[in-house]
$ cat entry-v5.txt   # compact mmCIF, C-alpha atoms and all ligand atoms
# COMPACT_ATOMS: atom_id res chain seq x y z
CA LEU O 1 53.88 33.23 115.33
CA ASP O 2 56.83 32.70 112.99
CA ASP O 3 56.73 36.43 112.19
CA LEU O 4 56.88 37.25 115.88
CA LEU O 5 59.69 34.77 116.52
CA GLY O 6 61.52 36.30 113.56
CA GLU O 7 61.39 39.70 115.25
CA GLY O 8 63.06 38.22 118.33
CA VAL O 9 61.21 37.82 121.60
CA SER O 10 64.02 37.25 124.08
CA GLY O 11 63.16 39.10 127.28
CA ARG O 12 59.83 40.29 125.83
CA ARG O 13 56.50 39.56 127.51
CA VAL O 14 54.14 37.57 125.30
CA PHE O 15 50.50 37.07 126.27
CA VAL O 16 49.25 33.74 124.89
CA ARG O 17 45.49 33.15 124.91
CA ALA O 18 45.18 29.37 125.06
CA ASP O 19 42.10 27.17 125.34
CA LEU O 20 42.91 25.03 128.37
CA ASN O 21 39.25 24.25 128.94
CA VAL O 22 39.99 20.55 129.47
CA PRO O 23 37.49 17.95 130.71
CA PHE O 24 37.80 16.52 134.23
CA ASP O 25 37.04 13.07 135.54
CA LYS O 26 33.81 13.67 137.45
CA ALA O 27 34.51 11.02 140.08
CA ALA O 28 38.19 11.71 140.91
CA ILE O 29 40.00 14.18 143.22
CA ASP O 30 43.81 14.45 143.50
CA PRO O 31 45.69 14.66 146.85
CA GLN O 32 45.64 18.50 146.67
CA GLY O 33 41.85 18.39 146.48
CA HIS O 34 41.81 19.32 142.79
CA GLY O 35 39.96 17.59 139.97
CA VAL O 36 41.76 15.11 137.74
CA ILE O 37 42.06 15.97 134.03
CA SER O 38 40.50 13.24 131.90
CA ASP O 39 41.76 14.44 128.51
CA ASP O 40 44.67 16.87 128.12
CA GLY O 41 44.44 17.08 124.32
CA ARG O 42 43.80 20.83 124.35
CA ALA O 43 46.84 21.47 126.55
CA ARG O 44 49.01 19.34 124.29
CA ALA O 45 47.75 21.17 121.22
CA VAL O 46 49.16 24.50 122.39
CA LEU O 47 52.56 23.10 123.41
CA PRO O 48 54.39 23.89 120.14
CA THR O 49 53.56 27.60 120.56
CA LEU O 50 54.57 27.67 124.21
CA ILE O 51 57.77 25.73 123.58
CA ALA O 52 58.77 27.96 120.66
CA LEU O 53 58.27 31.11 122.73
CA ARG O 54 59.92 29.69 125.85
CA ASP O 55 62.92 28.44 123.89
CA ALA O 56 63.25 31.82 122.20
CA GLY O 57 63.63 33.38 125.67
CA ALA O 58 60.22 35.07 125.86
CA ARG O 59 58.46 35.70 129.16
CA VAL O 60 55.30 33.76 128.44
CA ILE O 61 52.01 34.73 130.10
CA VAL O 62 49.37 32.11 129.35
CA ALA O 63 45.69 32.81 129.94
CA SER O 64 42.60 30.63 129.51
CA HIS O 65 39.08 30.04 130.68
CA LEU O 66 37.91 26.81 132.30
CA GLY O 67 34.24 25.92 132.44
CA ARG O 68 31.62 28.58 132.95
CA PRO O 69 32.10 30.23 136.37
CA LYS O 70 29.88 33.24 136.92
CA GLY O 71 32.38 36.11 136.73
CA ALA O 72 33.80 35.54 140.24
CA PRO O 73 36.39 33.18 141.74
CA ASP O 74 35.04 29.66 142.18
CA PRO O 75 37.40 26.91 143.38
CA LYS O 76 35.57 24.32 141.27
CA PHE O 77 36.97 26.01 138.16
CA THR O 78 40.54 26.79 139.22
CA LEU O 79 43.24 26.32 136.59
CA ALA O 80 45.72 25.17 139.28
CA PRO O 81 45.62 21.48 138.21
CA VAL O 82 46.00 22.56 134.59
CA ALA O 83 49.16 24.56 135.46
CA LYS O 84 50.59 21.41 137.00
CA ARG O 85 49.77 19.31 133.94
CA LEU O 86 51.11 21.98 131.59
CA GLY O 87 54.39 21.96 133.53
CA GLU O 88 54.63 18.18 133.17
CA LEU O 89 53.95 18.40 129.44
CA LEU O 90 56.44 21.24 128.93
CA GLY O 91 59.07 19.58 131.11
CA SER O 92 59.60 22.90 132.91
CA THR O 93 57.92 24.65 135.82
CA VAL O 94 54.80 26.63 135.04
CA VAL O 95 54.34 29.41 137.57
CA PHE O 96 50.69 29.72 138.59
CA ALA O 97 49.12 33.04 139.66
CA ASP O 98 46.04 32.49 141.77
CA ASP O 99 44.30 35.55 140.42
CA THR O 100 43.92 36.94 136.91
CA VAL O 101 44.81 40.64 137.06
CA GLY O 102 45.14 41.08 140.85
CA PRO O 103 48.24 41.35 143.04
CA ALA O 104 49.34 37.71 142.56
CA ALA O 105 49.25 38.01 138.76
CA THR O 106 50.89 41.44 138.79
CA GLU O 107 53.74 40.21 141.00
CA ALA O 108 54.16 36.99 139.02
CA VAL O 109 54.37 38.91 135.73
CA ALA O 110 56.96 41.30 137.18
CA ALA O 111 59.04 38.37 138.47
CA LEU O 112 58.95 36.39 135.20
CA GLN O 113 62.37 35.40 133.90
CA ASP O 114 63.34 34.98 130.25
CA GLY O 115 62.12 31.58 129.04
CA GLN O 116 59.67 31.17 131.93
CA VAL O 117 55.99 30.31 131.56
CA LEU O 118 53.25 31.71 133.80
CA LEU O 119 49.61 30.65 133.82
CA LEU O 120 47.05 33.15 135.10
CA GLU O 121 43.97 31.98 137.02
CA ASN O 122 40.74 31.39 135.10
CA LEU O 123 39.87 34.47 133.02
CA ARG O 124 36.17 33.94 133.69
CA PHE O 125 36.71 34.65 137.40
CA ASN O 126 36.49 38.25 136.22
CA ALA O 127 33.10 39.47 134.95
CA GLY O 128 34.85 41.68 132.35
CA GLU O 129 35.98 38.63 130.38
CA THR O 130 32.56 37.61 129.09
CA SER O 131 30.69 40.90 129.54
CA LYS O 132 28.40 42.06 126.73
CA ASP O 133 29.24 45.63 127.73
CA ASP O 134 32.12 46.90 125.56
CA ALA O 135 33.41 49.24 128.29
CA GLU O 136 33.45 46.53 130.96
CA ARG O 137 35.21 44.10 128.64
CA GLY O 138 37.56 46.85 127.52
CA ALA O 139 38.55 47.75 131.08
CA PHE O 140 39.47 44.12 131.77
CA ALA O 141 41.32 43.92 128.44
CA ASP O 142 43.33 47.04 129.42
CA GLN O 143 44.52 45.25 132.55
CA LEU O 144 45.48 42.08 130.67
CA ALA O 145 47.19 43.98 127.86
CA ALA O 146 49.27 45.94 130.40
CA PHE O 147 51.02 42.66 131.27
CA ALA O 148 52.51 42.12 127.83
CA ASP O 149 54.33 43.49 124.78
CA PHE O 150 52.74 41.08 122.28
CA TYR O 151 49.54 39.08 121.94
CA VAL O 152 49.34 35.58 120.49
CA ASP O 153 46.00 33.83 120.00
CA ASP O 154 46.31 30.06 120.02
CA ALA O 155 42.89 29.38 121.56
CA PHE O 156 41.05 28.08 118.53
CA GLY O 157 38.37 26.55 120.78
CA ALA O 158 37.42 30.05 121.97
CA VAL O 159 37.70 32.13 118.78
CA HIS O 160 33.90 32.15 118.42
CA ARG O 161 33.56 34.05 121.71
CA LYS O 162 33.52 37.85 121.74
CA HIS O 163 35.37 37.88 125.04
CA ALA O 164 37.95 40.33 126.38
CA SER O 165 40.94 38.01 126.02
CA VAL O 166 39.87 36.91 122.53
CA PHE O 167 38.49 40.08 120.99
CA ASP O 168 39.64 43.13 122.96
CA VAL O 169 43.21 42.37 124.07
CA PRO O 170 44.36 41.86 120.44
CA ALA O 171 43.09 45.37 119.65
CA ARG O 172 45.53 46.72 122.24
CA LEU O 173 48.77 44.91 121.34
CA PRO O 174 50.72 43.79 118.27
CA ARG O 175 48.84 40.57 117.52
CA TYR O 176 49.77 37.22 116.06
CA ALA O 177 48.06 33.90 115.33
CA GLY O 178 49.57 30.83 116.94
CA GLY O 179 50.29 27.72 114.88
CA LEU O 180 47.19 25.95 116.16
CA VAL O 181 44.81 28.73 115.16
CA LEU O 182 46.45 28.97 111.73
CA LYS O 183 46.24 25.22 111.12
CA GLU O 184 42.63 24.95 112.30
CA VAL O 185 41.47 27.84 110.11
CA GLU O 186 43.35 26.47 107.10
CA VAL O 187 41.79 22.99 107.45
CA LEU O 188 38.25 24.22 108.09
CA LYS O 189 38.50 26.67 105.21
CA LYS O 190 39.41 23.83 102.88
CA VAL O 191 36.57 21.61 104.15
CA SER O 192 33.99 24.35 103.97
CA GLU O 193 35.01 25.94 100.65
CA SER O 194 36.21 23.05 98.52
CA PRO O 195 35.50 19.65 100.07
CA GLU O 196 36.42 16.80 97.79
CA GLN O 197 33.23 14.85 96.96
CA PRO O 198 31.64 12.65 98.12
CA TYR O 199 31.37 14.70 101.32
CA VAL O 200 29.84 12.95 104.32
CA VAL O 201 29.07 14.71 107.59
CA VAL O 202 28.46 12.77 110.79
CA LEU O 203 26.66 14.63 113.56
CA GLY O 204 25.87 13.49 117.07
CA GLY O 205 25.59 14.99 120.51
CA SER O 206 22.51 15.71 122.51
CA LYS O 207 20.63 18.63 120.99
CA VAL O 208 19.31 19.35 117.51
CA SER O 209 18.87 22.99 118.50
CA ASP O 210 22.66 23.33 119.01
CA LYS O 211 23.32 21.91 115.55
CA LEU O 212 20.44 23.42 113.60
CA ALA O 213 22.44 26.26 112.03
CA VAL O 214 25.24 23.95 110.93
CA ILE O 215 22.79 21.40 109.51
CA GLN O 216 21.14 24.16 107.46
CA ALA O 217 24.50 25.44 106.25
CA LEU O 218 25.84 21.99 105.37
CA LEU O 219 22.80 20.39 103.82
CA PRO O 220 23.29 21.96 100.36
CA LYS O 221 26.95 20.85 100.32
CA VAL O 222 26.89 17.26 101.53
CA ASP O 223 26.18 13.94 99.88
CA LYS O 224 25.08 12.38 103.16
CA LEU O 225 24.44 13.70 106.65
CA LEU O 226 24.47 10.88 109.20
CA VAL O 227 22.70 11.73 112.45
CA GLY O 228 23.28 9.80 115.69
CA GLY O 229 23.60 10.66 119.37
CA GLY O 230 20.80 12.07 121.52
CA MET O 231 19.72 14.40 118.73
CA CYS O 232 18.64 11.55 116.44
CA PHE O 233 15.55 10.90 118.57
CA THR O 234 13.92 14.20 117.65
CA PHE O 235 14.45 13.29 113.97
CA LEU O 236 13.09 9.77 114.58
CA LYS O 237 10.04 11.26 116.28
CA ALA O 238 9.59 13.56 113.27
CA GLN O 239 9.57 10.39 111.14
CA GLY O 240 6.72 9.07 113.23
CA HIS O 241 8.58 6.75 115.63
CA GLU O 242 7.91 6.56 119.35
CA VAL O 243 11.17 7.18 121.24
CA GLY O 244 10.25 6.16 124.80
CA LYS O 245 12.20 8.12 127.41
CA SER O 246 14.96 9.09 124.97
CA LEU O 247 16.14 12.69 124.72
CA LEU O 248 13.56 14.68 122.81
CA GLU O 249 13.28 18.35 121.91
CA ALA O 250 9.55 18.54 121.33
CA GLU O 251 9.70 22.08 119.94
CA MET O 252 12.16 20.92 117.26
CA ILE O 253 10.09 18.06 115.85
CA SER O 254 8.52 20.10 113.06
CA VAL O 255 11.89 21.69 112.21
CA CYS O 256 13.35 18.19 111.89
CA ALA O 257 10.45 17.13 109.68
CA ASP O 258 11.19 20.11 107.39
CA LEU O 259 14.89 19.26 107.27
CA LEU O 260 14.13 15.64 106.39
CA GLU O 261 11.92 16.78 103.55
CA GLN O 262 14.45 19.32 102.32
CA ALA O 263 17.26 16.73 102.46
CA GLN O 264 15.43 14.29 100.16
CA GLY O 265 17.09 11.19 101.56
CA ARG O 266 20.48 12.71 102.27
CA ILE O 267 19.88 12.74 106.04
CA VAL O 268 20.49 9.20 107.24
CA LEU O 269 19.05 8.15 110.61
CA PRO O 270 19.73 5.08 112.76
CA VAL O 271 17.63 1.99 112.13
CA ASP O 272 18.31 0.44 115.53
CA VAL O 273 19.40 1.75 118.94
CA VAL O 274 20.66 0.45 122.26
CA ALA O 275 17.74 1.11 124.60
CA ALA O 276 18.44 1.13 128.35
CA ALA O 277 16.23 1.14 131.44
CA GLU O 278 18.14 4.14 132.83
CA PHE O 279 21.17 6.38 132.26
CA SER O 280 23.72 4.12 133.93
CA ALA O 281 26.49 1.69 132.95
CA ASP O 282 24.72 -1.07 134.92
CA ALA O 283 21.28 -0.51 133.40
CA ALA O 284 19.51 -3.35 131.62
CA HIS O 285 19.78 -2.68 127.86
CA ASP O 286 18.89 -4.25 124.52
CA VAL O 287 19.29 -3.50 120.84
CA VAL O 288 15.90 -2.63 119.38
CA SER O 289 14.64 -1.41 116.04
CA VAL O 290 13.78 2.30 115.98
CA SER O 291 10.18 1.32 115.39
CA GLU O 292 10.10 -0.68 118.64
CA ILE O 293 11.67 1.53 121.30
CA PRO O 294 9.84 0.55 124.53
CA ALA O 295 7.97 3.38 126.31
CA ASP O 296 10.00 2.90 129.50
CA ARG O 297 13.44 2.85 127.85
CA LEU O 298 15.85 5.47 126.54
CA GLY O 299 18.21 5.13 123.61
CA LEU O 300 21.84 5.61 124.67
CA ASP O 301 23.67 4.52 121.53
CA ILE O 302 23.03 3.69 117.90
CA GLY O 303 22.71 -0.05 117.30
CA PRO O 304 24.99 -2.39 115.31
CA GLU O 305 22.90 -2.27 112.14
CA SER O 306 23.01 1.52 112.16
CA THR O 307 26.75 1.48 112.81
CA SER O 308 27.22 -0.71 109.71
CA LEU O 309 24.90 1.53 107.69
CA PHE O 310 26.85 4.64 108.74
CA ALA O 311 30.21 2.89 108.17
CA GLU O 312 29.13 1.99 104.64
CA ALA O 313 28.21 5.61 103.85
CA ILE O 314 31.51 6.80 105.31
CA ALA O 315 33.56 4.22 103.39
CA GLY O 316 32.95 5.86 100.03
CA ALA O 317 33.66 9.42 101.18
CA LYS O 318 36.56 11.60 100.08
CA THR O 319 35.84 14.12 102.84
CA VAL O 320 34.31 13.43 106.26
CA PHE O 321 33.52 15.95 108.97
CA TRP O 322 32.47 14.41 112.28
CA ASN O 323 31.09 16.28 115.29
CA GLY O 324 29.41 14.67 118.27
CA PRO O 325 29.41 11.15 119.68
CA MET O 326 26.87 8.56 118.53
CA GLY O 327 26.04 7.56 122.09
CA VAL O 328 27.11 7.85 125.72
CA PHE O 329 30.61 6.59 124.89
CA GLU O 330 31.85 7.32 128.43
CA LEU O 331 29.79 4.31 129.60
CA ALA O 332 31.18 1.07 128.14
CA PRO O 333 27.86 -0.55 127.12
CA PHE O 334 27.03 2.51 124.98
CA ALA O 335 30.40 3.15 123.31
CA ALA O 336 30.20 0.76 120.34
CA GLY O 337 28.41 3.12 117.96
CA THR O 338 30.91 5.95 118.47
CA ARG O 339 33.81 3.53 118.20
CA GLY O 340 32.43 1.91 115.03
CA VAL O 341 31.82 5.23 113.31
CA ALA O 342 35.23 6.58 114.37
CA GLU O 343 36.97 3.45 113.08
CA ALA O 344 35.15 3.73 109.76
CA ILE O 345 36.36 7.34 109.47
CA THR O 346 39.98 6.28 110.03
CA LYS O 347 39.75 3.91 107.05
CA ILE O 348 38.58 6.29 104.33
CA ASP O 349 40.71 7.03 101.32
CA GLY O 350 40.25 10.75 101.78
CA PHE O 351 40.46 13.58 104.32
CA SER O 352 38.72 13.48 107.70
CA VAL O 353 38.16 16.20 110.27
CA VAL O 354 37.04 15.52 113.82
CA GLY O 355 35.26 18.63 115.00
CA GLY O 356 36.45 19.13 118.55
CA GLY O 357 34.75 18.84 121.90
CA ASP O 358 33.33 15.46 122.82
CA SER O 359 34.21 13.73 119.56
CA ALA O 360 37.90 14.63 119.92
CA ALA O 361 37.76 13.44 123.55
CA ALA O 362 36.06 10.22 122.34
CA VAL O 363 38.91 9.52 119.91
CA ARG O 364 41.40 9.68 122.76
CA THR O 365 39.26 8.08 125.47
CA LEU O 366 38.47 5.10 123.24
CA GLY O 367 42.19 4.71 122.55
CA LEU O 368 41.87 5.25 118.79
CA ASP O 369 44.91 6.14 116.72
CA GLU O 370 44.82 9.95 116.49
CA SER O 371 47.18 9.95 113.51
CA ALA O 372 44.62 8.00 111.46
CA PHE O 373 42.43 11.12 111.25
CA GLY O 374 43.25 13.98 108.88
CA HIS O 375 42.74 16.64 111.54
CA ILE O 376 41.38 16.62 115.07
CA SER O 377 40.07 20.08 115.87
CA THR O 378 40.37 21.53 119.37
CA GLY O 379 37.25 23.61 118.81
CA GLY O 380 33.76 22.20 119.28
CA GLY O 381 31.53 25.27 118.97
CA ALA O 382 34.26 27.15 117.10
CA SER O 383 34.57 24.60 114.29
CA LEU O 384 30.78 24.38 113.92
CA GLU O 385 30.45 28.17 113.74
CA TYR O 386 33.23 28.27 111.16
CA LEU O 387 31.35 25.74 109.00
CA GLU O 388 28.15 27.76 109.46
CA GLY O 389 30.01 30.60 107.76
CA LYS O 390 29.87 32.90 110.77
CA THR O 391 32.50 35.55 111.46
CA LEU O 392 34.57 34.39 114.40
CA PRO O 393 35.40 37.37 116.64
CA GLY O 394 38.85 36.00 117.58
CA VAL O 395 39.84 35.48 113.94
CA ALA O 396 38.40 38.84 112.91
CA ALA O 397 40.40 40.54 115.67
CA LEU O 398 43.62 39.03 114.31
CA GLU O 399 42.82 39.88 110.73
CA LYS O 400 42.00 43.53 111.45
C1 LIG O 501 34.73 24.91 124.24
O1 LIG O 501 34.82 24.05 125.12
O2 LIG O 501 34.06 24.74 123.20
C2 LIG O 501 35.54 26.16 124.38
O3 LIG O 501 36.51 26.05 125.37
C3 LIG O 501 34.64 27.33 124.63
O4 LIG O 501 33.98 27.18 125.85
P1 LIG O 501 32.57 27.90 126.09
O5 LIG O 501 31.57 27.19 125.23
O6 LIG O 501 32.29 27.76 127.56
O7 LIG O 501 32.75 29.35 125.68
$ encode --input "entry-v5.txt" --output "structure tokens"
Amino acid sequence: LDDLLGEGVSGRRVFVRADLNVPFDKAAIDPQGHGVISDDGRARAVLPTLIALRDAGARVIVASHLGRPKGAPDPKFTLAPVAKRLGELLGSTVVFADDTVGPAATEAVAALQDGQVLLLENLRFNAGETSKDDAERGAFADQLAAFADFYVDDAFGAVHRKHASVFDVPARLPRYAGGLVLKEVEVLKKVSESPEQPYVVVLGGSKVSDKLAVIQALLPKVDKLLVGGGMCFTFLKAQGHEVGKSLLEAEMISVCADLLEQAQGRIVLPVDVVAAAEFSADAAHDVVSVSEIPADRLGLDIGPESTSLFAEAIAGAKTVFWNGPMGVFELAPFAAGTRGVAEAITKIDGFSVVGGGDSAAAVRTLGLDESAFGHISTGGGASLEYLEGKTLPGVAALEK
């Protein structure tokens, strides 16, 4: 981005791919009938790039996806409330086009003034964005690229997607990495290539299958891999425990058993859990040992003994990578494990990385001090795929 700014962008049209895929409060609706953003961290993360371009007099065209609409307009996934929030954060109006490459967008781009910011409607309202067909994606990319003179990718959260706005538009314009993408890649490169030892990884979230590749990639590098969240129950089952009504991926039990054997004690599992009668904040719940989970209960958080065990392992680390909450932190009775682990991470005498998605949202939702972490990634899937060693299409497109 500094290179682009150095060239001078006043009056030039700059297409910025951002990741404004922010979470919404499921229960709330604003007076305009739109959803209410529950965590605007991703929007804040791209502000430095937008401010630098705006203040340099560029005509800034911002584009993002939101959720997973099916390639056609769907009001549930409109970016309109995000445009409003972005305007508040920028302290200047953000023009919103209610289509992506249609007449509204075309007119809005033509009317853009120097130093103005425009947000296009959700890219995934157009089937070309996510298409597996190169020609279909390319045709959509042609339309997007026609809007701009330069391309800037600051959507780290989406760099693992081979989508038109991430992979094909940069092939059509002079391309630049935004500050966020640069910083994220630099930090993850350091953690994956030369982590200072001891290196402790904390994984949570619901599914083992989503994390299998990263577990396999990390296992040879880590001193300890602490597993909590919904995914720990498949590991516990593989250890021979009954897990009641807890989340279980039956087809992954033998894979987990193999991983436990391969890890030779380096995978650490909870020893107690908070077991609830149902998935609800009001549900009856108790702390039970993992060997005594009642058949009619489901585990919704790791228990206090496990939190201490995990905190102890974290305390000695020089590098910690954390992805995935330890429990259903959005519901107060099941937030203690995530909070305890997060607090332990803030205290290490070393470098910590929070790997995006729900864990980054947890840091903010639980009111933890963001500055106490080394780096909070904006990419959930993207940071995991980076650590798996995969080529990220968005990064490859910039490097080409
Ligand atoms: C994310 O939330 O990880 C990114 O915004 C990518 O979203 P996706 O998984 O729907 O592609």
$ axis_aligned_box --input "entry-v5.txt" --around "ligand LIG 501 (chain O)" --padding-each-side "6 Å" --output "JSON"
{"center_x": 34.0, "center_y": 26.7, "center_z": 125.4, "size_x": 16.9, "size_y": 17.3, "size_z": 16.4}
$ residues_near_ligand --input "entry-v5.txt" --ligand "ligand LIG 501 (chain O)" --cutoff "8 Å" --atoms "only C-alpha atoms and all ligand atoms" --output "list of chain:residue names"
O:Asp19, O:Leu20, O:Asn21, O:Val22, O:His65, O:Leu66, O:Gly67, O:Arg68, O:Gly157, O:Ala158, O:His160, O:Arg161, O:Gly356, O:Gly357, O:Gly379, O:Gly380, O:Gly381, O:Ala382
$ closest_residue --input "entry-v5.txt" --among "O:Asp2, O:Glu242, O:Asp154, O:Glu385" --to "O:Leu212" --atoms "all atoms listed in the file"
O:Glu385
$ residues_near_point --input "entry-v5.txt" --point "(67.8, 30.4, 127.7)" --cutoff "8 Å" --atoms "only C-alpha atoms" --output "ChimeraX atom specification"
/O:55-57,114-115
$ closest_residue --input "entry-v5.txt" --among "O:Gly138, O:Phe15, O:Pro174, O:Ala145" --to "O:Leu119" --atoms "only C-alpha atoms"
O:Phe15
$ residues_near_point --input "entry-v5.txt" --point "(33.6, 25.3, 99.2)" --cutoff "12 Å" --atoms "all atoms listed in the file" --output "list in words"
Val187, Leu188, Lys189, Lys190, Val191, Ser192, Glu193, Ser194, Pro195, Glu196, Gln197, Tyr199, Ala217, Leu218, Pro220, Lys221, Val222, Thr319, Leu387, Glu388 and Gly389 of chain O
$ atom_distance --input "entry-v5.txt" --atom1 "atom CA of O:Val95" --atom2 "atom CA of O:Val109"
9.7 Å
$ closest_residue --input "entry-v5.txt" --among "O:Thr130, O:Gly367, O:Leu384, O:Val9" --to "O:Ala213" --atoms "only C-alpha atoms"
O:Leu384
$ residues_around --input "entry-v5.txt" --residues "stretch 334-347 of chain O" --least-positions-apart "5" --cutoff "10 Å" --atoms "all atoms listed in the file" --output "ChimeraX atom specification"
/O:202,204,228-229,273-276,280-281,285,299-317,319-322,324-329,352-354,359,362-363,366-374
$ residues_around --input "entry-v5.txt" --residues "O:Gln264" --least-positions-apart "6" --cutoff "12 Å" --atoms "all atoms listed in the file" --output "list in words"
Leu219, Pro220, Val222, Asp223, Lys224, Leu225, Ala257 and Asp258 of chain O
$ residues_around --input "entry-v5.txt" --residues "O:Gly244" --least-positions-apart "4" --cutoff "7 Å" --atoms "all atoms listed in the file" --output "ChimeraX atom specification"
/O:293-298
$ decode --input "entry-v5.txt" --residues "stretch 35-62 of chain O" --atoms "C-alpha atoms" --output "PDB file, in the first residue's frame"
ATOM      1  CA  GLY O  35     -29.385  -6.601  11.759  1.00  0.00           C
ATOM      2  CA  VAL O  36     -27.200  -5.161  14.513  1.00  0.00           C
ATOM      3  CA  ILE O  37     -23.443  -5.787  14.283  1.00  0.00           C
ATOM      4  CA  SER O  38     -22.201  -7.573  17.401  1.00  0.00           C
ATOM      5  CA  ASP O  39     -18.466  -7.224  16.745  1.00  0.00           C
ATOM      6  CA  ASP O  40     -17.016  -4.685  14.302  1.00  0.00           C
ATOM      7  CA  GLY O  41     -13.397  -5.786  14.748  1.00  0.00           C
ATOM      8  CA  ARG O  42     -12.993  -6.705  11.086  1.00  0.00           C
ATOM      9  CA  ALA O  43     -14.274  -3.313   9.953  1.00  0.00           C
ATOM     10  CA  ARG O  44     -11.916  -1.548  12.339  1.00  0.00           C
ATOM     11  CA  ALA O  45      -8.990  -3.625  11.114  1.00  0.00           C
ATOM     12  CA  VAL O  46      -9.259  -2.259   7.575  1.00  0.00           C
ATOM     13  CA  LEU O  47      -9.646   1.389   8.638  1.00  0.00           C
ATOM     14  CA  PRO O  48      -5.946   2.357   8.344  1.00  0.00           C
ATOM     15  CA  THR O  49      -5.967   1.348   4.662  1.00  0.00           C
ATOM     16  CA  LEU O  50      -9.217   3.153   3.919  1.00  0.00           C
ATOM     17  CA  ILE O  51      -8.149   6.276   5.802  1.00  0.00           C
ATOM     18  CA  ALA O  52      -4.766   6.392   4.067  1.00  0.00           C
ATOM     19  CA  LEU O  53      -6.378   6.123   0.635  1.00  0.00           C
ATOM     20  CA  ARG O  54      -9.190   8.552   1.431  1.00  0.00           C
ATOM     21  CA  ASP O  55      -6.797  11.116   2.872  1.00  0.00           C
ATOM     22  CA  ALA O  56      -4.568  10.777  -0.189  1.00  0.00           C
ATOM     23  CA  GLY O  57      -7.557  11.810  -2.327  1.00  0.00           C
ATOM     24  CA  ALA O  58      -8.289   8.414  -3.879  1.00  0.00           C
ATOM     25  CA  ARG O  59     -11.777   7.413  -4.991  1.00  0.00           C
ATOM     26  CA  VAL O  60     -12.143   4.335  -2.832  1.00  0.00           C
ATOM     27  CA  ILE O  61     -14.364   1.445  -3.925  1.00  0.00           C
ATOM     28  CA  VAL O  62     -14.691  -1.071  -1.107  1.00  0.00           C
TER      29      VAL O  62
END
